[in-house]
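*Asks:* Handing you this structure, nothing more for now.
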Amino acid sequence: MNSTGSPRRPRQPRRLVAEASALLIAAVVAFPLYWMVLSALRPAGEIESAESRPWTLAPTLDSFRRVLGQQEFGRYFLNSLVVACAVVIASGLIAFLAATAVTRFRFRFRTTLLIMFLIAQAVPVEALTIPLFFLMRDTGQLNTLGALILPHIAFSLPFAIWMLRGFVKAVPESLEEAAQLDGASRSRFLWRILFPLVLPGLVATSVFSFISTWNDFLFAKSFIISDTSRSTLPMALLVYFEPEEPDWGGVMAASTVMTIPVLVFFVLVQRRLVSGLGGAVKE
């Protein structure tokens with residue numbers, strides 16, 4: 001019986017199967033994260049033991065103390081934060097303006113430009129690493145944070161532009177015409193009306209940009225060669241990979257610390273992320 005006195009309807013079998021499947025998938029996805037945190041909390045003896053158990057009876061924070069006590073860890077963390085934030089902000093603004101241009105304006109080679117965006121997404125990052133290395137060397141960007149920011153902006157833009165194009169297209173043109181009749185300029189309509197409506201899409205694209213930049217190891221390894229003060233957090237993991245005796249507790253603790261900002265970012269944008277992935281703006 002519910003609060004109104006009417007009997008509750010039994011859940012449909014399909015719904016029960018869907019919920020059970022969702023819980024199973026969530027458990028499978030979350031298990032690597034659980035194992036990472038568990039390994040970071042295990043004492044050295046349990047990590048090196050041949051018997052792996054999904055629990056520990058003697059949790060310890062020694063691995064986290066070693067990681068947070070590393071002299072350059074704070075600098076690596078700050079470098080990663082600067083690079084990720086710069087890529088998210090720059091790629092978001094550029095993608096918003098580009099998506100508005102290819103959606104609202106008719107110009108020559110517009111379709112060709114959109115096809116080029118798709119082709120750019122299909123090119124693997126590894127194939128462009130060496131040409132990008134020579135480009136950064138010739139422009140004097142090696143061993144700088146700019147060598148990490150600029151390539152990530154370039155690789156984030158095609159996906160962001162394609163995704164935001166659908167949000168901009170969903171905003172009716174009659175809304176812009178009404179704003180012009182009320183005396184609003186095009187720039188005022190762009191930032192005061194269109195930008196808030198497209199914001200859920202911007203949040204969704206920013207999540208992908210943030211994750212790919214935050215977890216980047218290839219560019220950080222290729223473009224930061226001699227100046228270790230410009231390294232990012234993924235490079236800090238190499239400190240614990242000793243050839244003869246890797247510090248797996250340190251690796252897992254550092255990986256756990258790296259995961260925390262991503263989780264915080266998700267929590268901050270989760271509401272707009274859901275609406276952005278589902279398409280919040282409709283005509």
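To be explicit about the labels: the chains of the structure tokens are called A, B, and onward in the order shown, and within each one the residues are counted from 1, while ligands get numbers from 1 in the order they are shown.
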As a count of residues only, please: the residues near Ser212 in chain A (cut-off 9 Å, only C-alpha atoms, same-chain neighbours under 5 positions excluded).
*Replies:* 4
*Asks:* Could you list, as a PyMOL selection string, every residue within 12 Å of Gly45 in chain A, counting only C-alpha atoms and ignoring same-chain residues fewer than 4 positions away?
*Replies:* chain A and resi 39+41+49-52+56+58-60+247-249
*Asks:* Atoms to include: N, CA and C atoms. Write the selected residues as a compact mmCIF listing (two decimals), in the first residue's frame.
*Replies:*
```
# COMPACT_ATOMS: atom_id res chain seq x y z
N SER A 39 44.68 -1.21 -3.53
CA SER A 39 46.13 -1.43 -3.65
C SER A 39 46.91 -0.28 -3.04
N LEU A 41 46.01 1.36 -0.44
CA LEU A 41 45.89 1.26 1.02
C LEU A 41 46.56 0.01 1.59
N SER A 49 52.55 -9.90 -2.31
CA SER A 49 52.15 -11.28 -2.08
C SER A 49 51.54 -11.89 -3.33
N ALA A 50 51.74 -13.20 -3.51
CA ALA A 50 51.18 -13.90 -4.68
C ALA A 50 49.67 -14.12 -4.54
N GLU A 51 49.15 -14.07 -3.32
CA GLU A 51 47.73 -14.25 -3.08
C GLU A 51 47.03 -12.89 -3.07
N SER A 52 46.16 -12.68 -4.04
CA SER A 52 45.43 -11.41 -4.14
C SER A 52 44.04 -11.57 -3.56
N THR A 56 41.64 -5.85 2.57
CA THR A 56 42.85 -5.77 3.38
C THR A 56 42.46 -5.59 4.84
N ALA A 58 44.76 -4.67 7.10
CA ALA A 58 45.72 -3.73 7.70
C ALA A 58 45.95 -2.55 6.78
N PRO A 59 44.92 -1.72 6.55
CA PRO A 59 45.08 -0.57 5.65
C PRO A 59 46.11 0.42 6.20
N THR A 60 46.84 1.03 5.31
CA THR A 60 47.86 2.00 5.70
C THR A 60 47.91 3.13 4.68
N ASP A 247 57.44 0.36 -7.42
CA ASP A 247 56.67 0.69 -6.22
C ASP A 247 55.20 0.73 -6.59
N TRP A 248 54.53 -0.43 -6.57
CA TRP A 248 53.14 -0.49 -7.01
C TRP A 248 52.22 0.26 -6.05
N GLY A 249 52.56 0.30 -4.78
CA GLY A 249 51.76 1.10 -3.85
C GLY A 249 51.80 2.57 -4.19
```
*Asks:* Can you check which parts of range 179-243 of chain A lie within 7 Å of range 130-150 of chain A? Per residue, the shortest pair of atoms and distance in Å to one decimal, counting only C-alpha atoms, sorted by chain and number, as a Markdown table.
*Replies:*
```
| residue | atom | partner | partner_atom | distance |
| --- | --- | --- | --- | --- |
| A:Phe219 | CA | A:Leu148 | CA | 6.4 |
| A:Ala220 | CA | A:Leu148 | CA | 6.7 |
| A:Phe223 | CA | A:Leu142 | CA | 5.4 |
| A:Ile224 | CA | A:Asn143 | CA | 4.4 |
| A:Ile225 | CA | A:Asn143 | CA | 6.1 |
| A:Ser226 | CA | A:Asn143 | CA | 6.8 |
| A:Asp227 | CA | A:Asn143 | CA | 5.7 |
| A:Arg230 | CA | A:Thr144 | CA | 6.3 |
```
*Asks:* Save out the residues we just selected, all heavy atoms, as a tab-separated table (two decimals), in the first residue's frame.
*Replies:*
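Below is the file that was written, result25.tsv:
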```tsv
chain	number	residue	atom	x	y	z
A	219	PHE	N	51.90	13.23	-25.11
A	219	PHE	CA	52.44	14.55	-25.38
A	219	PHE	C	53.40	15.01	-24.27
A	219	PHE	O	54.42	15.64	-24.54
A	219	PHE	CB	51.31	15.57	-25.54
A	219	PHE	CG	50.53	15.40	-26.81
A	219	PHE	CD1	49.27	15.95	-26.96
A	219	PHE	CD2	51.06	14.67	-27.88
A	219	PHE	CE1	48.55	15.79	-28.12
A	219	PHE	CE2	50.34	14.51	-29.05
A	219	PHE	CZ	49.09	15.07	-29.17
A	220	ALA	N	53.04	14.71	-23.02
A	220	ALA	CA	53.90	15.11	-21.91
A	220	ALA	C	55.26	14.44	-22.01
A	220	ALA	O	56.30	15.06	-21.71
A	220	ALA	CB	53.23	14.77	-20.58
A	223	PHE	N	57.04	16.06	-25.49
A	223	PHE	CA	57.36	17.47	-25.64
A	223	PHE	C	58.07	18.07	-24.43
A	223	PHE	O	58.64	19.14	-24.53
A	223	PHE	CB	56.07	18.27	-25.90
A	223	PHE	CG	55.32	17.81	-27.12
A	223	PHE	CD1	53.95	17.94	-27.21
A	223	PHE	CD2	55.99	17.22	-28.19
A	223	PHE	CE1	53.26	17.51	-28.33
A	223	PHE	CE2	55.31	16.79	-29.31
A	223	PHE	CZ	53.95	16.93	-29.38
A	224	ILE	N	58.00	17.41	-23.29
A	224	ILE	CA	58.72	17.87	-22.10
A	224	ILE	C	59.93	16.95	-21.95
A	224	ILE	O	59.81	15.84	-21.42
A	224	ILE	CB	57.83	17.84	-20.85
A	224	ILE	CG1	56.53	18.60	-21.10
A	224	ILE	CG2	58.58	18.42	-19.67
A	224	ILE	CD1	56.71	20.07	-21.41
A	225	ILE	N	61.07	17.40	-22.39
A	225	ILE	CA	62.24	16.53	-22.49
A	225	ILE	C	63.22	16.74	-21.35
A	225	ILE	O	63.59	15.81	-20.63
A	225	ILE	CB	62.95	16.74	-23.85
A	225	ILE	CG1	61.97	16.49	-24.99
A	225	ILE	CG2	64.16	15.83	-23.97
A	225	ILE	CD1	62.53	16.82	-26.35
A	226	SER	N	63.66	17.98	-21.16
A	226	SER	CA	64.73	18.24	-20.19
A	226	SER	C	64.26	19.01	-18.96
A	226	SER	O	64.80	18.81	-17.88
A	226	SER	CB	65.86	19.02	-20.88
A	226	SER	OG	65.38	20.22	-21.45
A	227	ASP	N	63.26	19.87	-19.11
A	227	ASP	CA	62.80	20.69	-17.99
A	227	ASP	C	61.71	19.94	-17.24
A	227	ASP	O	60.52	20.04	-17.55
A	227	ASP	CB	62.29	22.03	-18.51
A	227	ASP	CG	62.02	23.02	-17.38
A	227	ASP	OD1	62.23	22.66	-16.20
A	227	ASP	OD2	61.59	24.15	-17.67
A	230	ARG	N	58.30	21.36	-15.77
A	230	ARG	CA	57.10	21.54	-16.60
A	230	ARG	C	56.33	20.25	-16.79
A	230	ARG	O	55.37	20.21	-17.56
A	230	ARG	CB	57.51	22.08	-17.99
A	230	ARG	CG	58.26	23.38	-17.94
A	230	ARG	CD	57.40	24.51	-17.44
A	230	ARG	NE	58.11	25.78	-17.45
A	230	ARG	CZ	57.59	26.93	-17.05
A	230	ARG	NH1	56.34	26.96	-16.59
A	230	ARG	NH2	58.28	28.04	-17.08
```
*Asks:* CA of Asp216 in chain A to CA of Thr232 in chain A: how many Å, to one decimal?
*Replies:*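 According to the coordinates, CA of Asp216 in chain A and CA of Thr232 in chain A are separated by 8.6 Å.
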*Asks:* For CA of Ser255 in chain A and CA of Leu233 in chain A, determine how far apart the two atoms are, in Å to one decimal place.
*Replies:*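 About the pair CA of Ser255 in chain A and CA of Leu233 in chain A: they are 8.9 Å apart.
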*Asks:* Hey, what's within 12 Å of range 265-268 of chain A if we count only C-alpha atoms and toss same-chain stuff fewer than 6 positions away? As a ChimeraX atom specification, please?
*Replies:* /A:81,84-85,88,203-204,206-211,214,259,274
*Asks:* Go ahead and save the picked residues with N, CA, C and O atoms, as a PDB file, in the first residue's frame.
*Replies:*
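part-v6.pdb, written as the output of this step:
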```
ATOM      1  N   LEU A  81      46.811  21.003 -13.757  1.00  0.00           N
ATOM      2  CA  LEU A  81      45.611  21.820 -13.578  1.00  0.00           C
ATOM      3  C   LEU A  81      45.612  23.010 -14.534  1.00  0.00           C
ATOM      4  O   LEU A  81      44.574  23.331 -15.136  1.00  0.00           O
ATOM      5  N   ALA A  84      44.985  21.648 -18.182  1.00  0.00           N
ATOM      6  CA  ALA A  84      43.615  21.179 -18.376  1.00  0.00           C
ATOM      7  C   ALA A  84      42.625  22.340 -18.412  1.00  0.00           C
ATOM      8  O   ALA A  84      41.734  22.385 -19.269  1.00  0.00           O
ATOM      9  N   CYS A  85      42.760  23.283 -17.488  1.00  0.00           N
ATOM     10  CA  CYS A  85      41.842  24.435 -17.451  1.00  0.00           C
ATOM     11  C   CYS A  85      41.996  25.299 -18.696  1.00  0.00           C
ATOM     12  O   CYS A  85      41.006  25.784 -19.261  1.00  0.00           O
ATOM     13  N   VAL A  88      40.297  23.471 -21.616  1.00  0.00           N
ATOM     14  CA  VAL A  88      38.835  23.472 -21.493  1.00  0.00           C
ATOM     15  C   VAL A  88      38.267  24.845 -21.863  1.00  0.00           C
ATOM     16  O   VAL A  88      37.308  24.945 -22.639  1.00  0.00           O
ATOM     17  N   VAL A 203      29.386  22.184 -21.478  1.00  0.00           N
ATOM     18  CA  VAL A 203      29.805  21.406 -20.308  1.00  0.00           C
ATOM     19  C   VAL A 203      30.129  19.976 -20.719  1.00  0.00           C
ATOM     20  O   VAL A 203      31.126  19.391 -20.267  1.00  0.00           O
ATOM     21  N   ALA A 204      29.289  19.395 -21.584  1.00  0.00           N
ATOM     22  CA  ALA A 204      29.531  18.019 -22.022  1.00  0.00           C
ATOM     23  C   ALA A 204      30.852  17.895 -22.775  1.00  0.00           C
ATOM     24  O   ALA A 204      31.629  16.957 -22.544  1.00  0.00           O
ATOM     25  N   SER A 206      33.384  19.927 -22.492  1.00  0.00           N
ATOM     26  CA  SER A 206      34.492  20.257 -21.588  1.00  0.00           C
ATOM     27  C   SER A 206      34.911  19.049 -20.764  1.00  0.00           C
ATOM     28  O   SER A 206      36.095  18.922 -20.404  1.00  0.00           O
ATOM     29  N   VAL A 207      33.968  18.160 -20.454  1.00  0.00           N
ATOM     30  CA  VAL A 207      34.312  16.954 -19.688  1.00  0.00           C
ATOM     31  C   VAL A 207      35.282  16.081 -20.475  1.00  0.00           C
ATOM     32  O   VAL A 207      36.303  15.615 -19.949  1.00  0.00           O
ATOM     33  N   PHE A 208      34.997  15.879 -21.760  1.00  0.00           N
ATOM     34  CA  PHE A 208      35.882  15.065 -22.581  1.00  0.00           C
ATOM     35  C   PHE A 208      37.236  15.747 -22.765  1.00  0.00           C
ATOM     36  O   PHE A 208      38.280  15.079 -22.762  1.00  0.00           O
ATOM     37  N   SER A 209      37.231  17.060 -22.948  1.00  0.00           N
ATOM     38  CA  SER A 209      38.497  17.785 -23.094  1.00  0.00           C
ATOM     39  C   SER A 209      39.322  17.696 -21.823  1.00  0.00           C
ATOM     40  O   SER A 209      40.540  17.491 -21.866  1.00  0.00           O
ATOM     41  N   PHE A 210      38.659  17.845 -20.682  1.00  0.00           N
ATOM     42  CA  PHE A 210      39.370  17.811 -19.409  1.00  0.00           C
ATOM     43  C   PHE A 210      39.993  16.437 -19.159  1.00  0.00           C
ATOM     44  O   PHE A 210      41.165  16.332 -18.764  1.00  0.00           O
ATOM     45  N   ILE A 211      39.229  15.379 -19.401  1.00  0.00           N
ATOM     46  CA  ILE A 211      39.726  14.033 -19.125  1.00  0.00           C
ATOM     47  C   ILE A 211      40.896  13.683 -20.040  1.00  0.00           C
ATOM     48  O   ILE A 211      41.928  13.154 -19.593  1.00  0.00           O
ATOM     49  N   TRP A 214      43.908  15.829 -18.917  1.00  0.00           N
ATOM     50  CA  TRP A 214      44.401  15.494 -17.581  1.00  0.00           C
ATOM     51  C   TRP A 214      45.166  14.172 -17.584  1.00  0.00           C
ATOM     52  O   TRP A 214      46.169  14.032 -16.878  1.00  0.00           O
ATOM     53  N   THR A 259      42.905  10.764  -9.852  1.00  0.00           N
ATOM     54  CA  THR A 259      41.496  10.548 -10.164  1.00  0.00           C
ATOM     55  C   THR A 259      40.591  11.522  -9.414  1.00  0.00           C
ATOM     56  O   THR A 259      39.489  11.848  -9.895  1.00  0.00           O
ATOM     57  N   VAL A 274      24.361  15.900 -17.786  1.00  0.00           N
ATOM     58  CA  VAL A 274      23.249  15.019 -18.156  1.00  0.00           C
ATOM     59  C   VAL A 274      22.357  15.696 -19.198  1.00  0.00           C
ATOM     60  O   VAL A 274      21.984  15.097 -20.208  1.00  0.00           O
TER      61      VAL A 274
END
```
*Asks:* Would you please work out which residue, of A:Leu218, A:Ile47, A:Leu202, A:Met258, is nearest to Phe96 in chain A when using only C-alpha atoms?
*Replies:*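 Residue with the minimum atom-to-atom distance to Phe96 in chain A: A:Leu202.
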*Asks:* Range 152-254 of chain A: which residues are helix (DSSP H, G or I) by DSSP, as a ChimeraX atom specification?
*Replies:* /A:152-170,173-181,186-214,218-223,228-230,233-240,248-254
*Asks:* Within 9 Å of Leu157 in chain A, counting only C-alpha atoms, which residues show up once you throw out same-chain ones fewer than 2 positions away? Write them as a PyMOL selection string, please.
*Replies:* chain A and resi 91-92+94-95+117+152-155+159-162+209
*Asks:* What lies within 10 Å of Phe195 in chain A using only C-alpha atoms, ignoring chain neighbours under 6 positions off, as an MDAnalysis selection string?
*Replies:* chainID A and resid 93 96:97 100 168 188:189 201:202
*Asks:* Contacts of range 172-179 of chain A at 12 Å or less, counting only C-alpha atoms, minus same-chain residues fewer than 4 places along, as a list in words?
*Replies:*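 My list of contacting residues is Thr100, Thr103, Arg104, Phe105, Gly166, Phe167, Val168, Gly183, Ala184, Ser185, Arg186, Ser187, Arg188, Phe189, Leu190, Trp191, Arg192, Ile193, Leu194, Leu197, Val281, Lys282 and Glu283 of chain A.
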*Asks:* Could you dump the residues just selected with N, CA, C and O atoms as an mmCIF file, in the first residue's frame?
*Replies:*
```cif
data_model
loop_
_atom_site.group_PDB
_atom_site.id
_atom_site.type_symbol
_atom_site.label_atom_id
_atom_site.label_comp_id
_atom_site.auth_asym_id
_atom_site.auth_seq_id
_atom_site.Cartn_x
_atom_site.Cartn_y
_atom_site.Cartn_z
ATOM 1 N N THR A 100 28.778 28.218 -34.075
ATOM 2 C CA THR A 100 27.811 29.258 -34.448
ATOM 3 C C THR A 100 28.021 29.706 -35.885
ATOM 4 O O THR A 100 27.058 29.908 -36.640
ATOM 5 N N THR A 103 26.880 27.088 -38.456
ATOM 6 C CA THR A 103 25.445 26.806 -38.371
ATOM 7 C C THR A 103 24.605 27.979 -38.839
ATOM 8 O O THR A 103 23.624 27.806 -39.576
ATOM 9 N N ARG A 104 24.978 29.181 -38.434
ATOM 10 C CA ARG A 104 24.151 30.351 -38.706
ATOM 11 C C ARG A 104 24.481 31.049 -40.024
ATOM 12 O O ARG A 104 23.657 31.774 -40.558
ATOM 13 N N PHE A 105 25.686 30.842 -40.537
ATOM 14 C CA PHE A 105 26.105 31.568 -41.729
ATOM 15 C C PHE A 105 26.271 30.604 -42.897
ATOM 16 O O PHE A 105 26.691 29.457 -42.720
ATOM 17 N N GLY A 166 24.966 20.904 -33.160
ATOM 18 C CA GLY A 166 23.595 20.457 -32.953
ATOM 19 C C GLY A 166 22.847 21.322 -31.960
ATOM 20 O O GLY A 166 21.650 21.593 -32.135
ATOM 21 N N PHE A 167 23.527 21.813 -30.921
ATOM 22 C CA PHE A 167 22.881 22.676 -29.938
ATOM 23 C C PHE A 167 22.550 24.040 -30.534
ATOM 24 O O PHE A 167 21.472 24.581 -30.296
ATOM 25 N N VAL A 168 23.488 24.579 -31.306
ATOM 26 C CA VAL A 168 23.235 25.883 -31.929
ATOM 27 C C VAL A 168 22.112 25.769 -32.950
ATOM 28 O O VAL A 168 21.245 26.659 -33.054
ATOM 29 N N GLY A 183 16.129 45.285 -30.426
ATOM 30 C CA GLY A 183 17.287 46.179 -30.389
ATOM 31 C C GLY A 183 18.581 45.530 -29.956
ATOM 32 O O GLY A 183 19.582 46.221 -29.758
ATOM 33 N N ALA A 184 18.603 44.199 -29.818
ATOM 34 C CA ALA A 184 19.826 43.513 -29.406
ATOM 35 C C ALA A 184 20.756 43.333 -30.601
ATOM 36 O O ALA A 184 20.321 42.946 -31.682
ATOM 37 N N SER A 185 22.012 43.640 -30.409
ATOM 38 C CA SER A 185 22.992 43.434 -31.465
ATOM 39 C C SER A 185 23.313 41.950 -31.589
ATOM 40 O O SER A 185 22.933 41.144 -30.748
ATOM 41 N N ARG A 186 24.045 41.604 -32.647
ATOM 42 C CA ARG A 186 24.388 40.195 -32.841
ATOM 43 C C ARG A 186 25.297 39.684 -31.738
ATOM 44 O O ARG A 186 25.146 38.549 -31.268
ATOM 45 N N SER A 187 26.238 40.499 -31.306
ATOM 46 C CA SER A 187 27.134 40.067 -30.227
ATOM 47 C C SER A 187 26.373 39.920 -28.908
ATOM 48 O O SER A 187 26.648 39.006 -28.128
ATOM 49 N N ARG A 188 25.397 40.792 -28.674
ATOM 50 C CA ARG A 188 24.594 40.688 -27.453
ATOM 51 C C ARG A 188 23.755 39.401 -27.463
ATOM 52 O O ARG A 188 23.657 38.705 -26.451
ATOM 53 N N PHE A 189 23.171 39.097 -28.623
ATOM 54 C CA PHE A 189 22.411 37.855 -28.745
ATOM 55 C C PHE A 189 23.327 36.646 -28.562
ATOM 56 O O PHE A 189 22.951 35.661 -27.915
ATOM 57 N N LEU A 190 24.542 36.761 -29.090
ATOM 58 C CA LEU A 190 25.475 35.640 -29.030
ATOM 59 C C LEU A 190 25.819 35.277 -27.589
ATOM 60 O O LEU A 190 25.793 34.091 -27.216
ATOM 61 N N TRP A 191 26.122 36.293 -26.771
ATOM 62 C CA TRP A 191 26.622 36.016 -25.419
ATOM 63 C C TRP A 191 25.531 36.025 -24.360
ATOM 64 O O TRP A 191 25.658 35.349 -23.333
ATOM 65 N N ARG A 192 24.471 36.787 -24.575
ATOM 66 C CA ARG A 192 23.423 36.875 -23.558
ATOM 67 C C ARG A 192 22.299 35.864 -23.746
ATOM 68 O O ARG A 192 21.628 35.500 -22.778
ATOM 69 N N ILE A 193 22.072 35.393 -24.955
ATOM 70 C CA ILE A 193 20.954 34.487 -25.220
ATOM 71 C C ILE A 193 21.442 33.125 -25.702
ATOM 72 O O ILE A 193 21.098 32.090 -25.130
ATOM 73 N N LEU A 194 22.243 33.122 -26.768
ATOM 74 C CA LEU A 194 22.665 31.858 -27.350
ATOM 75 C C LEU A 194 23.624 31.093 -26.437
ATOM 76 O O LEU A 194 23.497 29.869 -26.271
ATOM 77 N N LEU A 197 21.974 29.073 -23.644
ATOM 78 C CA LEU A 197 21.217 27.935 -24.157
ATOM 79 C C LEU A 197 22.127 26.789 -24.593
ATOM 80 O O LEU A 197 21.755 25.621 -24.510
ATOM 81 N N VAL A 281 18.547 21.635 -25.299
ATOM 82 C CA VAL A 281 17.919 22.696 -26.083
ATOM 83 C C VAL A 281 17.117 22.063 -27.211
ATOM 84 O O VAL A 281 17.650 21.309 -28.012
ATOM 85 N N LYS A 282 15.865 22.372 -27.266
ATOM 86 C CA LYS A 282 15.004 21.847 -28.314
ATOM 87 C C LYS A 282 14.175 22.983 -28.892
ATOM 88 O O LYS A 282 13.779 23.906 -28.207
ATOM 89 N N GLU A 283 13.905 22.857 -30.177
ATOM 90 C CA GLU A 283 13.129 23.898 -30.838
ATOM 91 C C GLU A 283 11.657 23.745 -30.515
ATOM 92 O O GLU A 283 11.146 22.620 -30.566
#
```
*Asks:* If I take CA of Pro54 in chain A and CA of Leu24 in chain A, how far is one from the other in Å, to one decimal?
*Replies:*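 A separation of 17.3 Å between them.
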*Asks:* Please identify all polymer residues within 12 Å of Glu245 in chain A, counting only C-alpha atoms, omitting same-chain residues fewer than 6 positions from it, and present them as a ChimeraX atom specification.
*Replies:* /A:44,48,239
